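This is upload_37.cif (mmCIF, N, CA and C atoms).
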```cif
data_work
#
loop_
_atom_site.label_atom_id
_atom_site.label_comp_id
_atom_site.auth_asym_id
_atom_site.auth_seq_id
_atom_site.Cartn_x
_atom_site.Cartn_y
_atom_site.Cartn_z
N MET A 1 -27.65 -107.58 -66.47
CA MET A 1 -29.01 -107.57 -66.94
C MET A 1 -29.64 -108.95 -66.78
N LEU A 2 -28.89 -109.99 -67.07
CA LEU A 2 -29.41 -111.34 -66.97
C LEU A 2 -29.79 -111.68 -65.53
N SER A 3 -29.05 -111.18 -64.56
CA SER A 3 -29.36 -111.49 -63.17
C SER A 3 -30.71 -110.90 -62.74
N LEU A 4 -31.11 -109.79 -63.32
CA LEU A 4 -32.41 -109.22 -63.01
C LEU A 4 -33.55 -110.07 -63.57
N ILE A 5 -33.33 -110.61 -64.73
CA ILE A 5 -34.35 -111.46 -65.35
C ILE A 5 -34.46 -112.79 -64.63
N ALA A 6 -33.35 -113.32 -64.17
CA ALA A 6 -33.33 -114.62 -63.53
C ALA A 6 -33.64 -114.56 -62.03
N ALA A 7 -33.99 -113.39 -61.51
CA ALA A 7 -34.29 -113.27 -60.09
C ALA A 7 -35.46 -114.17 -59.72
N PRO A 8 -35.36 -114.86 -58.60
CA PRO A 8 -36.45 -115.78 -58.23
C PRO A 8 -37.73 -115.04 -57.90
N SER A 9 -38.84 -115.63 -58.30
CA SER A 9 -40.14 -115.00 -58.05
C SER A 9 -40.50 -115.04 -56.57
N ALA A 10 -39.85 -115.91 -55.79
CA ALA A 10 -40.14 -116.00 -54.36
C ALA A 10 -39.78 -114.70 -53.64
N ALA A 11 -38.90 -113.91 -54.23
CA ALA A 11 -38.49 -112.66 -53.60
C ALA A 11 -39.59 -111.60 -53.69
N LEU A 12 -40.55 -111.79 -54.58
CA LEU A 12 -41.63 -110.83 -54.75
C LEU A 12 -42.73 -111.11 -53.74
N ASP A 13 -43.22 -110.05 -53.11
CA ASP A 13 -44.32 -110.19 -52.16
C ASP A 13 -45.64 -110.32 -52.91
N ARG A 14 -46.48 -111.23 -52.45
CA ARG A 14 -47.82 -111.32 -53.02
C ARG A 14 -48.67 -110.23 -52.41
N LEU A 15 -49.55 -109.69 -53.20
CA LEU A 15 -50.47 -108.67 -52.71
C LEU A 15 -51.83 -109.32 -52.48
N PHE A 16 -52.40 -109.07 -51.32
CA PHE A 16 -53.72 -109.59 -50.99
C PHE A 16 -54.71 -108.44 -51.00
N PRO A 17 -55.95 -108.71 -51.39
CA PRO A 17 -56.95 -107.63 -51.42
C PRO A 17 -57.22 -107.11 -50.01
N PRO A 18 -57.70 -105.87 -49.89
CA PRO A 18 -57.95 -105.28 -48.57
C PRO A 18 -58.99 -106.06 -47.75
N ASN A 19 -59.89 -106.77 -48.41
CA ASN A 19 -60.91 -107.51 -47.68
C ASN A 19 -60.44 -108.91 -47.26
N ALA A 20 -59.20 -109.27 -47.54
CA ALA A 20 -58.68 -110.58 -47.17
C ALA A 20 -58.43 -110.64 -45.68
N SER A 21 -58.70 -111.80 -45.11
CA SER A 21 -58.48 -112.05 -43.69
C SER A 21 -57.47 -113.17 -43.52
N ARG A 22 -56.86 -113.19 -42.38
CA ARG A 22 -55.87 -114.21 -42.05
C ARG A 22 -56.58 -115.32 -41.31
N GLY A 23 -56.26 -116.56 -41.57
CA GLY A 23 -56.90 -117.66 -40.88
C GLY A 23 -56.07 -118.92 -40.91
N GLU A 24 -56.61 -119.94 -40.26
CA GLU A 24 -55.97 -121.24 -40.25
C GLU A 24 -56.96 -122.26 -40.80
N LEU A 25 -56.60 -122.87 -41.91
CA LEU A 25 -57.43 -123.90 -42.52
C LEU A 25 -57.27 -125.16 -41.68
N LYS A 26 -58.39 -125.62 -41.11
CA LYS A 26 -58.33 -126.78 -40.22
C LYS A 26 -58.87 -128.04 -40.85
N ALA A 27 -59.86 -127.93 -41.71
CA ALA A 27 -60.45 -129.11 -42.33
C ALA A 27 -61.06 -128.71 -43.67
N HIS A 28 -61.20 -129.71 -44.54
CA HIS A 28 -61.71 -129.43 -45.87
C HIS A 28 -62.43 -130.64 -46.41
N GLN A 29 -63.60 -130.42 -46.89
CA GLN A 29 -64.33 -131.42 -47.67
C GLN A 29 -65.15 -130.61 -48.67
N TYR A 30 -64.59 -130.46 -49.86
CA TYR A 30 -65.16 -129.57 -50.87
C TYR A 30 -66.66 -129.78 -50.98
N PRO A 31 -67.45 -128.70 -51.00
CA PRO A 31 -67.12 -127.28 -51.05
C PRO A 31 -67.03 -126.60 -49.69
N LEU A 32 -66.93 -127.36 -48.60
CA LEU A 32 -66.88 -126.76 -47.27
C LEU A 32 -65.45 -126.72 -46.74
N TYR A 33 -65.10 -125.59 -46.12
CA TYR A 33 -63.77 -125.39 -45.57
C TYR A 33 -63.93 -124.88 -44.14
N LYS A 34 -63.24 -125.50 -43.20
CA LYS A 34 -63.27 -125.02 -41.81
C LYS A 34 -62.06 -124.13 -41.62
N ILE A 35 -62.34 -122.86 -41.32
CA ILE A 35 -61.29 -121.88 -41.09
C ILE A 35 -61.51 -121.35 -39.69
N GLY A 36 -60.56 -121.60 -38.82
CA GLY A 36 -60.75 -121.22 -37.42
C GLY A 36 -61.91 -122.02 -36.85
N LYS A 37 -62.87 -121.33 -36.28
CA LYS A 37 -64.05 -121.97 -35.69
C LYS A 37 -65.24 -122.02 -36.64
N ARG A 38 -65.13 -121.39 -37.80
CA ARG A 38 -66.26 -121.29 -38.72
C ARG A 38 -66.08 -122.21 -39.92
N THR A 39 -67.21 -122.60 -40.49
CA THR A 39 -67.21 -123.40 -41.71
C THR A 39 -67.77 -122.52 -42.83
N TYR A 40 -67.04 -122.44 -43.92
CA TYR A 40 -67.43 -121.63 -45.08
C TYR A 40 -67.65 -122.54 -46.28
N ARG A 41 -68.49 -122.09 -47.18
CA ARG A 41 -68.72 -122.78 -48.45
C ARG A 41 -67.95 -122.00 -49.53
N MET A 42 -67.28 -122.73 -50.41
CA MET A 42 -66.59 -122.09 -51.53
C MET A 42 -67.63 -121.60 -52.53
N SER A 43 -67.50 -120.36 -52.96
CA SER A 43 -68.45 -119.80 -53.92
C SER A 43 -68.18 -120.37 -55.31
N PRO A 44 -69.19 -120.33 -56.18
CA PRO A 44 -68.94 -120.75 -57.57
C PRO A 44 -67.87 -119.83 -58.16
N GLY A 45 -66.87 -120.40 -58.73
CA GLY A 45 -65.79 -119.60 -59.29
C GLY A 45 -64.73 -119.23 -58.27
N GLY A 46 -64.86 -119.72 -57.04
CA GLY A 46 -63.84 -119.45 -56.02
C GLY A 46 -62.51 -120.08 -56.41
N ARG A 47 -61.42 -119.44 -56.00
CA ARG A 47 -60.09 -119.91 -56.41
C ARG A 47 -59.22 -120.20 -55.20
N ILE A 48 -58.33 -121.15 -55.35
CA ILE A 48 -57.35 -121.49 -54.32
C ILE A 48 -55.97 -121.29 -54.94
N PHE A 49 -55.13 -120.53 -54.25
CA PHE A 49 -53.78 -120.24 -54.75
C PHE A 49 -52.74 -120.93 -53.87
N SER A 50 -51.78 -121.59 -54.50
CA SER A 50 -50.70 -122.27 -53.78
C SER A 50 -49.70 -121.25 -53.24
N GLN A 51 -48.68 -121.75 -52.55
CA GLN A 51 -47.62 -120.87 -52.04
C GLN A 51 -46.85 -120.23 -53.19
N GLN A 52 -46.89 -120.84 -54.36
CA GLN A 52 -46.22 -120.26 -55.54
C GLN A 52 -47.17 -119.40 -56.34
N ASN A 53 -48.38 -119.15 -55.81
CA ASN A 53 -49.42 -118.33 -56.42
C ASN A 53 -50.01 -118.96 -57.69
N LEU A 54 -49.96 -120.28 -57.75
CA LEU A 54 -50.58 -121.01 -58.85
C LEU A 54 -51.96 -121.47 -58.40
N ILE A 55 -52.90 -121.56 -59.33
CA ILE A 55 -54.25 -122.01 -58.99
C ILE A 55 -54.22 -123.51 -58.73
N MET A 56 -54.85 -123.91 -57.62
CA MET A 56 -54.89 -125.32 -57.21
C MET A 56 -56.31 -125.85 -57.37
N MET A 57 -56.41 -127.13 -57.59
CA MET A 57 -57.70 -127.80 -57.61
C MET A 57 -58.10 -128.10 -56.15
N PRO A 58 -59.38 -127.97 -55.81
CA PRO A 58 -59.81 -128.22 -54.43
C PRO A 58 -59.42 -129.60 -53.91
N ALA A 59 -59.40 -130.61 -54.74
CA ALA A 59 -59.06 -131.97 -54.31
C ALA A 59 -57.61 -132.06 -53.81
N SER A 60 -56.75 -131.16 -54.27
CA SER A 60 -55.35 -131.21 -53.84
C SER A 60 -55.17 -130.74 -52.40
N LEU A 61 -56.20 -130.13 -51.81
CA LEU A 61 -56.14 -129.70 -50.41
C LEU A 61 -56.68 -130.76 -49.45
N GLN A 62 -57.22 -131.84 -49.97
CA GLN A 62 -57.87 -132.84 -49.14
C GLN A 62 -56.96 -133.28 -47.99
N GLY A 63 -57.46 -133.15 -46.78
CA GLY A 63 -56.73 -133.60 -45.60
C GLY A 63 -55.62 -132.67 -45.15
N GLN A 64 -55.43 -131.54 -45.78
CA GLN A 64 -54.36 -130.63 -45.39
C GLN A 64 -54.88 -129.55 -44.46
N ALA A 65 -54.01 -129.05 -43.63
CA ALA A 65 -54.29 -127.90 -42.78
C ALA A 65 -53.14 -126.92 -42.96
N GLY A 66 -53.38 -125.65 -42.68
CA GLY A 66 -52.29 -124.70 -42.82
C GLY A 66 -52.73 -123.27 -42.65
N GLN A 67 -51.76 -122.39 -42.72
CA GLN A 67 -51.98 -120.96 -42.57
C GLN A 67 -52.40 -120.38 -43.91
N ILE A 68 -53.45 -119.56 -43.90
CA ILE A 68 -54.00 -119.03 -45.14
C ILE A 68 -54.41 -117.57 -44.99
N MET A 69 -54.62 -116.94 -46.13
CA MET A 69 -55.36 -115.70 -46.25
C MET A 69 -56.59 -116.10 -47.04
N TYR A 70 -57.73 -115.46 -46.75
CA TYR A 70 -58.95 -115.81 -47.48
C TYR A 70 -59.83 -114.59 -47.63
N ALA A 71 -60.66 -114.62 -48.67
CA ALA A 71 -61.60 -113.53 -48.93
C ALA A 71 -63.00 -114.13 -49.00
N VAL A 72 -63.95 -113.39 -48.44
CA VAL A 72 -65.34 -113.81 -48.41
C VAL A 72 -66.16 -112.81 -49.23
N ASP A 73 -67.08 -113.33 -50.05
CA ASP A 73 -67.91 -112.44 -50.88
C ASP A 73 -69.10 -111.92 -50.07
N ILE A 74 -69.97 -111.15 -50.72
CA ILE A 74 -71.10 -110.53 -50.02
C ILE A 74 -72.12 -111.54 -49.53
N ASN A 75 -72.06 -112.76 -50.05
CA ASN A 75 -72.97 -113.82 -49.60
C ASN A 75 -72.39 -114.64 -48.45
N GLY A 76 -71.18 -114.29 -48.01
CA GLY A 76 -70.54 -115.03 -46.93
C GLY A 76 -69.84 -116.30 -47.38
N GLN A 77 -69.64 -116.43 -48.70
CA GLN A 77 -68.96 -117.60 -49.23
C GLN A 77 -67.51 -117.24 -49.58
N LEU A 78 -66.63 -118.25 -49.55
CA LEU A 78 -65.22 -118.03 -49.87
C LEU A 78 -65.07 -117.71 -51.36
N SER A 79 -64.41 -116.63 -51.65
CA SER A 79 -64.14 -116.30 -53.05
C SER A 79 -62.70 -116.62 -53.41
N ALA A 80 -61.80 -116.66 -52.41
CA ALA A 80 -60.39 -116.98 -52.68
C ALA A 80 -59.71 -117.46 -51.40
N ILE A 81 -58.78 -118.37 -51.58
CA ILE A 81 -57.91 -118.85 -50.50
C ILE A 81 -56.49 -118.79 -51.02
N TRP A 82 -55.59 -118.24 -50.21
CA TRP A 82 -54.17 -118.23 -50.53
C TRP A 82 -53.45 -119.03 -49.46
N ILE A 83 -52.73 -120.08 -49.84
CA ILE A 83 -51.91 -120.85 -48.91
C ILE A 83 -50.64 -120.03 -48.66
N LEU A 84 -50.36 -119.73 -47.41
CA LEU A 84 -49.24 -118.86 -47.08
C LEU A 84 -47.92 -119.62 -46.97
N THR A 85 -46.85 -118.95 -47.36
CA THR A 85 -45.51 -119.46 -47.11
C THR A 85 -45.20 -119.20 -45.64
N PRO A 86 -44.19 -119.86 -45.07
CA PRO A 86 -43.83 -119.57 -43.67
C PRO A 86 -43.50 -118.10 -43.44
N GLU A 87 -42.86 -117.45 -44.41
CA GLU A 87 -42.53 -116.03 -44.26
C GLU A 87 -43.79 -115.17 -44.24
N GLU A 88 -44.75 -115.48 -45.11
CA GLU A 88 -46.01 -114.74 -45.13
C GLU A 88 -46.79 -114.97 -43.84
N ALA A 89 -46.75 -116.19 -43.32
CA ALA A 89 -47.46 -116.49 -42.07
C ALA A 89 -46.90 -115.67 -40.92
N ARG A 90 -45.59 -115.46 -40.92
CA ARG A 90 -44.98 -114.60 -39.87
C ARG A 90 -45.33 -113.13 -40.09
N LYS A 91 -45.41 -112.73 -41.35
CA LYS A 91 -45.69 -111.32 -41.66
C LYS A 91 -47.14 -110.94 -41.35
N TYR A 92 -48.08 -111.82 -41.69
CA TYR A 92 -49.51 -111.55 -41.48
C TYR A 92 -49.97 -112.36 -40.28
N LYS A 93 -50.09 -111.73 -39.15
CA LYS A 93 -50.46 -112.41 -37.91
C LYS A 93 -51.95 -112.73 -37.89
N LEU A 94 -52.31 -113.81 -37.18
CA LEU A 94 -53.72 -114.15 -36.98
C LEU A 94 -54.37 -113.09 -36.11
N SER A 95 -55.59 -112.68 -36.47
CA SER A 95 -56.32 -111.73 -35.63
C SER A 95 -57.54 -112.42 -35.06
N LYS A 96 -58.14 -111.81 -34.08
CA LYS A 96 -59.31 -112.40 -33.44
C LYS A 96 -60.60 -112.09 -34.20
N VAL A 97 -60.54 -111.17 -35.15
CA VAL A 97 -61.71 -110.81 -35.94
C VAL A 97 -61.66 -111.60 -37.25
N ASP A 98 -62.67 -112.41 -37.50
CA ASP A 98 -62.69 -113.18 -38.75
C ASP A 98 -63.38 -112.40 -39.86
N ALA A 99 -63.42 -112.97 -41.03
CA ALA A 99 -63.94 -112.26 -42.21
C ALA A 99 -65.40 -111.87 -42.08
N GLU A 100 -66.22 -112.74 -41.51
CA GLU A 100 -67.65 -112.44 -41.37
C GLU A 100 -67.86 -111.26 -40.43
N GLU A 101 -67.15 -111.25 -39.31
CA GLU A 101 -67.25 -110.13 -38.38
C GLU A 101 -66.74 -108.84 -39.02
N LYS A 102 -65.68 -108.96 -39.79
CA LYS A 102 -65.10 -107.80 -40.48
C LYS A 102 -66.12 -107.20 -41.45
N ARG A 103 -66.82 -108.07 -42.20
CA ARG A 103 -67.82 -107.62 -43.16
C ARG A 103 -68.98 -106.92 -42.46
N LYS A 104 -69.42 -107.47 -41.33
CA LYS A 104 -70.51 -106.86 -40.57
C LYS A 104 -70.10 -105.49 -40.04
N LEU A 105 -68.88 -105.37 -39.56
CA LEU A 105 -68.39 -104.09 -39.07
C LEU A 105 -68.36 -103.04 -40.19
N GLU A 106 -67.93 -103.47 -41.39
CA GLU A 106 -67.89 -102.55 -42.52
C GLU A 106 -69.29 -102.10 -42.91
N GLU A 107 -70.28 -103.01 -42.87
CA GLU A 107 -71.66 -102.65 -43.19
C GLU A 107 -72.21 -101.65 -42.19
N GLU A 108 -71.89 -101.85 -40.91
CA GLU A 108 -72.34 -100.93 -39.87
C GLU A 108 -71.74 -99.54 -40.09
N ARG A 109 -70.47 -99.48 -40.47
CA ARG A 109 -69.82 -98.20 -40.74
C ARG A 109 -70.48 -97.47 -41.90
N LYS A 110 -70.87 -98.22 -42.94
CA LYS A 110 -71.51 -97.62 -44.10
C LYS A 110 -72.88 -97.05 -43.76
N LYS A 111 -73.59 -97.67 -42.82
CA LYS A 111 -74.92 -97.22 -42.44
C LYS A 111 -74.87 -95.89 -41.68
N ARG A 112 -73.76 -95.61 -41.03
CA ARG A 112 -73.63 -94.38 -40.24
C ARG A 112 -73.47 -93.16 -41.08
#
```
How does this structure look as structure tokens?
Amino acid sequence: MLSLIAAPSAALDRLFPPNASRGELKAHQYPLYKIGKRTYRMSPGGRIFSQQNLIMMPASLQGQAGQIMYAVDINGQLSAIWILTPEEARKYKLSKVDAEEKRKLEEERKKR
């Protein structure tokens, strides 16, 4: 019984919302984040999650780059960023469709 309680949390998969996209964080100067070729603004109340799924302060990302999952709100602003572990980065491959294009495609589908 004790071994079940002491199981490492790293073994648990993080769940990302369906609207989350995969990207590469290339540059950061709060509140602006360059993901891939686009620059996004962090929304008020936007959150950044570490590889351990802990909330991070934006200043702790200064000068860092890395593989991420991110969610964009209806205004086109970042609502959440998740810093991926190497295992998650292998599991969730980069796609050519970014979050903004994904949102536009969803809006077009709803209009039909």
Shell of 7 Å around A:Ile35, all atoms listed in the file, local chain residues under 5 positions omitted, as a PyMOL selection string
chain A and resi 23-27+40
Those residues with N, CA and C atoms, as a PDB file, in the frame of the given file please?
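Saved file selection_1.pdb follows:
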```pdb
ATOM      1  N   GLY A  23     -56.260-116.560 -41.570  1.00  0.00           N
ATOM      2  CA  GLY A  23     -56.900-117.660 -40.880  1.00  0.00           C
ATOM      3  C   GLY A  23     -56.070-118.920 -40.910  1.00  0.00           C
ATOM      4  N   GLU A  24     -56.610-119.940 -40.260  1.00  0.00           N
ATOM      5  CA  GLU A  24     -55.970-121.240 -40.250  1.00  0.00           C
ATOM      6  C   GLU A  24     -56.960-122.260 -40.800  1.00  0.00           C
ATOM      7  N   LEU A  25     -56.600-122.870 -41.910  1.00  0.00           N
ATOM      8  CA  LEU A  25     -57.430-123.900 -42.520  1.00  0.00           C
ATOM      9  C   LEU A  25     -57.270-125.160 -41.680  1.00  0.00           C
ATOM     10  N   LYS A  26     -58.390-125.620 -41.110  1.00  0.00           N
ATOM     11  CA  LYS A  26     -58.330-126.780 -40.220  1.00  0.00           C
ATOM     12  C   LYS A  26     -58.870-128.040 -40.850  1.00  0.00           C
ATOM     13  N   ALA A  27     -59.860-127.930 -41.710  1.00  0.00           N
ATOM     14  CA  ALA A  27     -60.450-129.110 -42.330  1.00  0.00           C
ATOM     15  C   ALA A  27     -61.060-128.710 -43.670  1.00  0.00           C
ATOM     16  N   TYR A  40     -67.040-122.440 -43.920  1.00  0.00           N
ATOM     17  CA  TYR A  40     -67.430-121.630 -45.080  1.00  0.00           C
ATOM     18  C   TYR A  40     -67.650-122.540 -46.280  1.00  0.00           C
TER      19      TYR A  40
END
```
What does the distance between atom N of A:Ser60 and atom N of A:Met42 come to in Å, to one decimal place?
14.0 Å
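You will find atom CA of A:Asp13 at 13.2 Å from atom N of A:Ile83.
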For the structure shown, which residues end up in the PyMOL selection byres ((chain A and resi 94) around 8)? Put them as JSON, numbers by chain, please?
{"A": [21, 22, 23, 24, 89, 90, 91, 92, 93, 95, 96, 97]}
Could you tell me, as a PyMOL selection string, which residues of chain A DSSP assigns to strand (DSSP E) when given the backbone?
chain A and resi 21-29+32-35+38-49+55-56+66-72+78-83
If you count only C-alpha atoms, which residues fall within 12 Å of stretch 48-57 of chain A, apart from same-chain ones fewer than 5 positions away, as a PyMOL selection string?
chain A and resi 8-16+30-31+33+42-43+62+66-71+78-89
For the atom pair atom CA of A:Asn75 and atom CA of A:Leu61, what is the interatomic distance in Å to one decimal place?
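Those two atoms sit 23.2 Å apart.
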To box stretch 32-43 of chain A, take all atoms listed in the file, fit an axis-aligned box, add 8 Å on each side, and give centre and edge lengths in Å to one decimal, as AutoDock Vina command-line options.
```
--center_x -64.6 --center_y -123.6 --center_z -45.5 --size_x 24.2 --size_y 23.6 --size_z 35.6
```
